[in-house]
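Here is structure-v8.tsv, consisting of TSV, C-alpha atoms:
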chain	number	residue	atom	x	y	z
A	1	MET	CA	77.39	-9.76	-55.58
A	2	LYS	CA	74.21	-8.10	-54.40
A	3	HIS	CA	71.29	-10.12	-53.09
A	4	TYR	CA	68.06	-9.71	-51.16
A	5	PRO	CA	67.69	-10.99	-47.59
A	6	CYS	CA	65.52	-14.09	-48.13
A	7	ILE	CA	62.93	-15.64	-45.85
A	8	LEU	CA	60.86	-18.80	-46.17
A	9	THR	CA	57.38	-18.79	-44.67
A	10	ILE	CA	55.82	-22.20	-44.02
A	11	ALA	CA	52.13	-21.74	-43.30
A	12	GLY	CA	48.54	-22.19	-44.42
A	13	SER	CA	46.83	-20.26	-47.18
A	14	ASP	CA	44.11	-17.73	-46.30
A	15	CYS	CA	41.96	-17.18	-49.38
A	16	CYS	CA	40.62	-13.85	-48.06
A	17	GLY	CA	44.18	-12.53	-47.85
A	18	GLY	CA	44.42	-11.30	-44.26
A	19	ALA	CA	46.44	-14.01	-42.52
A	20	GLY	CA	48.63	-17.02	-43.23
A	21	ILE	CA	50.91	-17.15	-46.26
A	22	GLN	CA	49.31	-14.06	-47.74
A	23	ALA	CA	49.95	-11.90	-44.65
A	24	ASP	CA	53.49	-13.27	-44.37
A	25	ILE	CA	54.38	-12.41	-47.95
A	26	LYS	CA	52.89	-8.92	-47.60
A	27	THR	CA	54.85	-8.29	-44.39
A	28	ILE	CA	58.19	-9.58	-45.65
A	29	SER	CA	57.79	-7.63	-48.89
A	30	ALA	CA	56.75	-4.41	-47.13
A	31	LEU	CA	59.88	-4.62	-44.99
A	32	GLY	CA	62.14	-5.02	-47.99
A	33	ALA	CA	63.06	-8.70	-47.95
A	34	TYR	CA	62.36	-11.48	-50.46
A	35	ALA	CA	59.58	-13.93	-49.49
A	36	THR	CA	59.47	-17.57	-50.50
A	37	SER	CA	56.63	-19.80	-49.30
A	38	VAL	CA	55.63	-23.37	-48.58
A	39	ILE	CA	51.91	-24.04	-48.13
A	40	THR	CA	50.95	-26.53	-45.41
A	41	ALA	CA	47.17	-26.31	-45.83
A	42	VAL	CA	44.56	-24.58	-47.95
A	43	THR	CA	41.63	-23.01	-46.12
A	44	ALA	CA	38.22	-21.90	-47.30
A	45	GLN	CA	37.45	-18.82	-45.21
A	46	ASN	CA	36.39	-15.20	-45.13
A	47	THR	CA	36.56	-12.47	-42.51
A	48	CYS	CA	33.75	-14.12	-40.52
A	49	LYS	CA	34.55	-17.83	-40.43
A	50	ILE	CA	36.52	-20.79	-41.71
A	51	THR	CA	34.39	-23.33	-43.57
A	52	GLY	CA	37.05	-25.85	-44.55
A	53	ILE	CA	40.69	-26.93	-44.20
A	54	HIS	CA	42.48	-29.12	-46.71
A	55	SER	CA	45.92	-30.32	-45.56
A	56	ILE	CA	48.73	-30.60	-48.09
A	57	PRO	CA	50.36	-34.08	-47.99
A	58	SER	CA	53.53	-34.05	-45.86
A	59	ALA	CA	55.63	-35.52	-48.67
A	60	PHE	CA	54.71	-32.58	-50.90
A	61	ILE	CA	55.44	-30.11	-48.09
A	62	LYS	CA	58.90	-31.67	-47.85
A	63	GLU	CA	59.36	-31.34	-51.61
A	64	GLN	CA	58.39	-27.66	-51.52
A	65	ILE	CA	60.87	-26.94	-48.70
A	66	GLU	CA	63.73	-28.78	-50.37
A	67	ASP	CA	63.25	-27.04	-53.71
A	68	VAL	CA	63.32	-23.60	-52.07
A	69	MET	CA	66.20	-24.32	-49.68
A	70	ASN	CA	68.41	-26.00	-52.30
A	71	ASP	CA	68.17	-23.04	-54.67
A	72	ILE	CA	67.40	-19.81	-52.80
A	73	HIS	CA	68.86	-20.67	-49.37
A	74	PRO	CA	66.71	-18.46	-47.11
A	75	SER	CA	68.52	-17.66	-43.87
A	76	GLY	CA	65.31	-17.29	-41.89
A	77	ILE	CA	62.24	-19.52	-41.66
A	78	LYS	CA	58.91	-18.40	-40.24
A	79	ILE	CA	56.50	-21.24	-39.38
A	80	GLY	CA	52.78	-20.69	-39.00
A	81	MET	CA	49.81	-23.04	-39.34
A	82	ILE	CA	50.64	-26.73	-38.88
A	83	ASN	CA	47.50	-28.81	-39.19
A	84	ASN	CA	48.80	-32.27	-38.25
A	85	ALA	CA	51.69	-34.16	-36.64
A	86	GLU	CA	53.13	-35.47	-39.92
A	87	THR	CA	53.63	-31.91	-41.15
A	88	ALA	CA	55.41	-30.91	-37.93
A	89	ILE	CA	57.81	-33.84	-38.20
A	90	VAL	CA	58.61	-33.18	-41.88
A	91	ILE	CA	59.34	-29.52	-41.16
A	92	ALA	CA	61.58	-30.46	-38.23
A	93	GLU	CA	63.53	-32.90	-40.38
A	94	SER	CA	64.01	-30.21	-43.02
A	95	ILE	CA	65.27	-27.68	-40.46
A	96	LYS	CA	67.82	-30.19	-39.19
A	97	LYS	CA	68.96	-30.84	-42.76
A	98	PHE	CA	69.27	-27.24	-43.98
A	99	LYS	CA	70.13	-25.51	-40.69
A	100	PRO	CA	68.73	-21.99	-41.31
A	101	GLU	CA	70.16	-19.30	-39.05
A	102	PHE	CA	66.77	-18.26	-37.66
A	103	VAL	CA	63.53	-20.15	-37.04
A	104	VAL	CA	60.51	-18.23	-35.73
A	105	LEU	CA	57.52	-20.40	-34.84
A	106	ASP	CA	54.05	-18.96	-34.37
A	107	PRO	CA	52.05	-21.86	-32.84
A	108	VAL	CA	48.75	-21.03	-34.54
A	109	MET	CA	46.00	-23.02	-32.85
A	110	VAL	CA	42.83	-20.98	-33.26
A	111	SER	CA	41.88	-18.39	-35.87
A	112	THR	CA	40.72	-14.86	-35.05
A	113	SER	CA	37.16	-16.00	-35.76
A	114	GLY	CA	37.51	-18.87	-33.25
A	115	SER	CA	38.03	-21.87	-35.56
A	116	SER	CA	40.49	-24.62	-34.58
A	117	LEU	CA	43.47	-24.80	-36.95
A	118	MET	CA	45.50	-27.61	-35.39
A	119	GLU	CA	44.63	-31.26	-34.84
A	120	LYS	CA	45.23	-32.59	-31.31
A	121	ASP	CA	48.18	-34.78	-32.28
A	122	ALA	CA	49.88	-31.80	-33.92
A	123	VAL	CA	50.18	-29.87	-30.65
A	124	GLN	CA	52.42	-32.48	-29.02
A	125	ALA	CA	54.42	-32.96	-32.22
A	126	VAL	CA	55.11	-29.24	-32.46
A	127	LYS	CA	56.21	-29.13	-28.82
A	128	ASP	CA	58.44	-32.20	-29.17
A	129	HIS	CA	59.97	-31.65	-32.61
A	130	LEU	CA	59.83	-27.93	-33.45
A	131	PHE	CA	60.12	-25.98	-30.20
A	132	PRO	CA	63.71	-27.24	-29.59
A	133	LEU	CA	64.74	-26.07	-33.09
A	134	SER	CA	63.24	-22.59	-32.77
A	135	THR	CA	65.03	-19.30	-32.27
A	136	LEU	CA	61.75	-17.89	-30.98
A	137	ILE	CA	58.20	-19.10	-30.40
A	138	THR	CA	55.39	-16.51	-30.33
A	139	PRO	CA	52.23	-17.84	-28.63
A	140	ASN	CA	49.44	-15.48	-27.71
A	141	ILE	CA	47.83	-15.80	-24.30
A	142	LYS	CA	45.21	-18.32	-25.41
A	143	GLU	CA	47.86	-20.48	-27.08
A	144	ALA	CA	50.12	-20.26	-24.03
A	145	GLU	CA	47.20	-21.32	-21.83
A	146	ALA	CA	46.55	-24.32	-24.08
A	147	LEU	CA	50.22	-25.31	-24.15
A	148	LEU	CA	50.65	-25.06	-20.38
A	149	GLN	CA	47.10	-25.96	-19.28
A	150	CYS	CA	46.82	-22.85	-17.13
A	151	ASP	CA	44.98	-19.51	-16.88
A	152	ILE	CA	46.74	-16.24	-17.70
A	153	LYS	CA	44.91	-13.13	-16.51
A	154	GLU	CA	47.63	-10.54	-15.94
A	155	LYS	CA	51.21	-9.51	-16.73
A	156	GLU	CA	52.91	-11.49	-13.96
A	157	ALA	CA	51.24	-14.69	-15.17
A	158	MET	CA	52.52	-13.92	-18.68
A	159	LYS	CA	56.08	-13.70	-17.29
A	160	GLN	CA	55.70	-17.06	-15.59
A	161	ALA	CA	54.24	-18.63	-18.74
A	162	ALA	CA	57.16	-17.40	-20.86
A	163	LYS	CA	59.60	-18.87	-18.35
A	164	GLU	CA	57.82	-22.23	-18.31
A	165	LEU	CA	57.56	-22.40	-22.10
A	166	LEU	CA	61.34	-22.03	-22.36
A	167	GLN	CA	61.60	-25.49	-20.83
A	168	TYR	CA	60.43	-26.97	-24.14
A	169	GLY	CA	63.77	-26.02	-25.69
A	170	SER	CA	63.40	-22.87	-27.79
A	171	LYS	CA	66.03	-20.14	-27.45
A	172	ALA	CA	63.38	-17.54	-26.61
A	173	VAL	CA	59.64	-17.15	-25.99
A	174	LEU	CA	57.44	-14.16	-26.76
A	175	VAL	CA	54.06	-14.32	-25.00
A	176	LYS	CA	51.70	-11.87	-26.71
A	177	GLY	CA	49.20	-10.10	-24.49
A	178	GLY	CA	46.70	-8.66	-26.94
A	179	HIS	CA	43.92	-10.74	-25.40
A	180	LEU	CA	44.28	-9.16	-21.95
A	181	GLN	CA	41.44	-6.82	-21.04
A	182	GLN	CA	43.65	-3.80	-20.35
A	183	ASP	CA	44.27	-0.38	-21.87
A	184	ALA	CA	47.82	-1.32	-22.89
A	185	MET	CA	49.08	-4.27	-24.91
A	186	TYR	CA	51.89	-6.11	-23.09
A	187	ASP	CA	54.19	-8.64	-24.71
A	188	ILE	CA	56.76	-10.56	-22.68
A	189	LEU	CA	60.02	-11.73	-24.28
A	190	HIS	CA	62.06	-14.22	-22.27
A	191	ILE	CA	65.42	-15.21	-23.72
A	192	CYS	CA	67.17	-18.38	-22.60
A	193	ASN	CA	69.87	-17.79	-19.95
A	194	GLU	CA	68.62	-14.27	-19.18
A	195	LYS	CA	67.26	-13.78	-15.65
A	196	GLU	CA	64.73	-11.08	-16.42
A	197	PRO	CA	62.30	-10.83	-19.34
A	198	HIS	CA	61.96	-7.91	-21.74
A	199	ILE	CA	58.57	-6.18	-21.44
A	200	TYR	CA	57.02	-4.32	-24.37
A	201	SER	CA	54.01	-2.07	-24.02
A	202	LEU	CA	51.94	-0.10	-26.52
A	203	PRO	CA	48.48	1.51	-26.24
A	204	LYS	CA	45.63	-0.75	-27.29
A	205	ILE	CA	43.90	0.24	-30.53
A	206	GLU	CA	40.15	-0.28	-30.70
A	207	SER	CA	39.66	-2.10	-34.00
A	208	THR	CA	37.98	-5.18	-35.42
A	209	ASN	CA	40.63	-5.31	-38.17
A	210	THR	CA	43.05	-7.63	-36.40
A	211	HIS	CA	42.90	-10.67	-38.67
A	212	GLY	CA	46.46	-11.92	-39.24
A	213	THR	CA	48.12	-9.94	-36.43
A	214	GLY	CA	50.12	-12.92	-35.16
A	215	CYS	CA	51.23	-13.96	-38.63
A	216	THR	CA	52.32	-10.41	-39.36
A	217	LEU	CA	54.29	-10.03	-36.13
A	218	SER	CA	56.20	-13.29	-36.48
A	219	SER	CA	57.03	-12.55	-40.13
A	220	ALA	CA	58.23	-9.06	-39.22
A	221	ILE	CA	60.43	-10.42	-36.43
A	222	THR	CA	61.96	-12.93	-38.84
A	223	THR	CA	62.64	-10.19	-41.38
A	224	PHE	CA	64.37	-7.97	-38.83
A	225	LEU	CA	66.42	-10.90	-37.51
A	226	VAL	CA	67.63	-11.72	-41.01
A	227	SER	CA	68.57	-8.05	-41.40
A	228	GLY	CA	71.06	-8.48	-38.56
A	229	MET	CA	69.21	-7.08	-35.55
A	230	PRO	CA	69.47	-8.60	-32.06
A	231	LEU	CA	66.33	-10.47	-31.04
A	232	GLN	CA	65.08	-7.90	-28.53
A	233	VAL	CA	65.47	-5.11	-31.12
A	234	ALA	CA	63.82	-7.20	-33.85
A	235	VAL	CA	60.81	-7.78	-31.58
A	236	CYS	CA	60.59	-4.07	-30.75
A	237	LYS	CA	60.68	-2.99	-34.40
A	238	ALA	CA	58.20	-5.71	-35.40
A	239	LYS	CA	55.77	-4.61	-32.69
A	240	GLU	CA	55.96	-1.03	-33.93
A	241	TYR	CA	55.31	-2.19	-37.51
A	242	VAL	CA	52.26	-4.21	-36.41
A	243	TYR	CA	50.99	-1.31	-34.29
A	244	GLN	CA	51.15	1.05	-37.25
A	245	SER	CA	49.58	-1.58	-39.52
A	246	ILE	CA	46.60	-1.87	-37.15
A	247	LEU	CA	46.38	1.89	-36.69
A	248	HIS	CA	46.35	2.60	-40.44
A	249	GLY	CA	43.86	-0.18	-41.14
A	250	LYS	CA	41.34	0.30	-38.35
A	251	ASP	CA	38.96	2.50	-40.36
A	252	ILE	CA	39.02	0.45	-43.57
A	253	GLN	CA	36.25	-2.07	-44.16
A	254	ILE	CA	37.18	-5.34	-45.83
A	255	GLY	CA	34.43	-7.90	-45.33
A	256	ALA	CA	31.82	-8.10	-42.59
A	257	GLY	CA	33.96	-9.64	-39.85
A	258	HIS	CA	37.56	-9.30	-38.66
A	259	GLY	CA	39.31	-7.36	-41.41
A	260	PRO	CA	43.04	-7.33	-42.20
A	261	LEU	CA	45.82	-4.97	-41.16
A	262	ASN	CA	47.23	-2.37	-43.54
A	263	HIS	CA	50.57	-4.04	-44.31
A	264	PHE	CA	51.70	-1.38	-46.75
A	265	HIS	CA	51.01	1.68	-44.61
A	266	HIS	CA	54.63	2.79	-44.78
A	267	PRO	CA	57.09	0.40	-46.43
A	268	ILE	CA	60.51	0.31	-44.77
A	269	PRO	CA	62.92	-0.87	-47.47
A	270	LEU	CA	66.12	-2.62	-46.50
A	271	HIS	CA	69.29	-1.27	-48.07
A	272	ILE	CA	71.25	-3.95	-49.87
A	273	ILE	CA	75.01	-3.57	-49.52
A	274	GLU	CA	77.61	-4.82	-51.98
A	275	ASP	CA	79.03	-7.42	-49.59
A	276	GLY	CA	75.58	-8.84	-48.89
A	277	SER	CA	75.15	-7.27	-45.45
A	278	VAL	CA	71.87	-5.52	-44.75
A	279	SER	CA	71.01	-2.39	-42.80
A	280	LEU	CA	67.87	-0.36	-42.22
Could you quickly redo this structure as structure tokens?
Amino acid sequence: MKHYPCILTIAGSDCCGGAGIQADIKTISALGAYATSVITAVTAQNTCKITGIHSIPSAFIKEQIEDVMNDIHPSGIKIGMINNAETAIVIAESIKKFKPEFVVLDPVMVSTSGSSLMEKDAVQAVKDHLFPLSTLITPNIKEAEALLQCDIKEKEAMKQAAKELLQYGSKAVLVKGGHLQQDAMYDILHICNEKEPHIYSLPKIESTNTHGTGCTLSSAITTFLVSGMPLQVAVCKAKEYVYQSILHGKDIQIGAGHGPLNHFHHPIPLHIIEDGSVSL
């Protein structure tokens, strides 16, 4: 029987459509997989600022996850915005129960516009309960600095941060270097039990339309993992997709602040095979 590769995104809702659940669904769909979603929080925001966050009760988050997992059985879960500790614990309990093959966690702490998205107690809960269950965590430099209480100013410090973050129990860490003031964008992937990290580099694109970049990258990685790619290849392909999404969206104005990427610049459909395997 034929079926789509299915992914569950667990994240917050962005009413202006550039990040969160909306960016995740666009990314997964553009790459040819089937997106299911569980909303952890509803935000009131635009391209300039966030004016409000309303957390969904943890019991209802659990109910959403169970209904999706019991019926559709996604093999990959992407986790984004977690506003409080109760939500982190409920998600962790659900992962232990349903045992998806892949879990990609983007520890979203601050929005592109600078607003805090995570309560203080949630940070420790995510580190304690979700990092050890994750196939990959994808902090940017600012998030890595907050998690490790350190300063990261160059590539070697990114390597050290990735190595230290592995100690929290995830199978791999991707430290994203978009915030470095350099001509190139460096990302460092460190996989557990590998001595040396994988280093990815692409030219930096001058654009204010970067809202939702982290959400898009983590969703793309999850999609490529579910398609059967090794982690280092999935990260490479996801970075190229994000790069092209920024490139094709840099001259388009949506709102007065940080606009979105162009998720549908060049859809890359997955080919569905009779036996259920997937190839690009």
Tell me which residues come within 7 Å of (66.1, -19.6, -35.0), as a PDB file with C-alpha atoms, in the coordinates of the input, counting only C-alpha atoms in the file's coordinates.
ATOM      1  CA  GLU A 101      70.160 -19.300 -39.050  1.00  0.00           C
ATOM      2  CA  PHE A 102      66.770 -18.260 -37.660  1.00  0.00           C
ATOM      3  CA  VAL A 103      63.530 -20.150 -37.040  1.00  0.00           C
ATOM      4  CA  VAL A 104      60.510 -18.230 -35.730  1.00  0.00           C
ATOM      5  CA  LEU A 133      64.740 -26.070 -33.090  1.00  0.00           C
ATOM      6  CA  SER A 134      63.240 -22.590 -32.770  1.00  0.00           C
ATOM      7  CA  THR A 135      65.030 -19.300 -32.270  1.00  0.00           C
ATOM      8  CA  LEU A 136      61.750 -17.890 -30.980  1.00  0.00           C
TER       9      LEU A 136
END
Excluding segment 256-263 of chain A and residues on its chain fewer than 4 positions from it, collect all residues at most 7 Å away from it, counting all atoms listed in the file, and give them as number ranges by chain. A: 18, 26-27, 30, 47-48, 208-212, 245-246, 248-249
Selection file, C-alpha atoms, as a compact mmCIF listing (two decimals), in the coordinates of the input:
# COMPACT_ATOMS: atom_id res chain seq x y z
CA GLY A 18 44.42 -11.30 -44.26
CA LYS A 26 52.89 -8.92 -47.60
CA THR A 27 54.85 -8.29 -44.39
CA ALA A 30 56.75 -4.41 -47.13
CA THR A 47 36.56 -12.47 -42.51
CA CYS A 48 33.75 -14.12 -40.52
CA THR A 208 37.98 -5.18 -35.42
CA ASN A 209 40.63 -5.31 -38.17
CA THR A 210 43.05 -7.63 -36.40
CA HIS A 211 42.90 -10.67 -38.67
CA GLY A 212 46.46 -11.92 -39.24
CA SER A 245 49.58 -1.58 -39.52
CA ILE A 246 46.60 -1.87 -37.15
CA HIS A 248 46.35 2.60 -40.44
CA GLY A 249 43.86 -0.18 -41.14
Nearest residue to Gly20 of chain A out of A:Ala125, A:Ala234, A:Ile191, A:Val38, using all atoms listed in the file? A:Val38
A:Ala23, A:Ile205, A:Val90, A:Val68 ranked by distance to Ile56 of chain A, top pick (using all atoms listed in the file):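 So, comparing all the options, the nearest one is A:Val90.
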Using all atoms listed in the file for the distances, tell me which of A:Leu180, A:Ala33, A:Met118, A:Ile7 is nearest to Glu86 of chain A.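 Closest to Glu86 of chain A, using all atoms listed in the file: A:Met118.
As for atom CA of Ala122 of chain A and atom CA of Ile82 of chain A, they are spaced 7.1 Å apart.
Taking atom CA of Ile188 of chain A and atom CA of Ile137 of chain A as endpoints, the distance between them is 11.6 Å.
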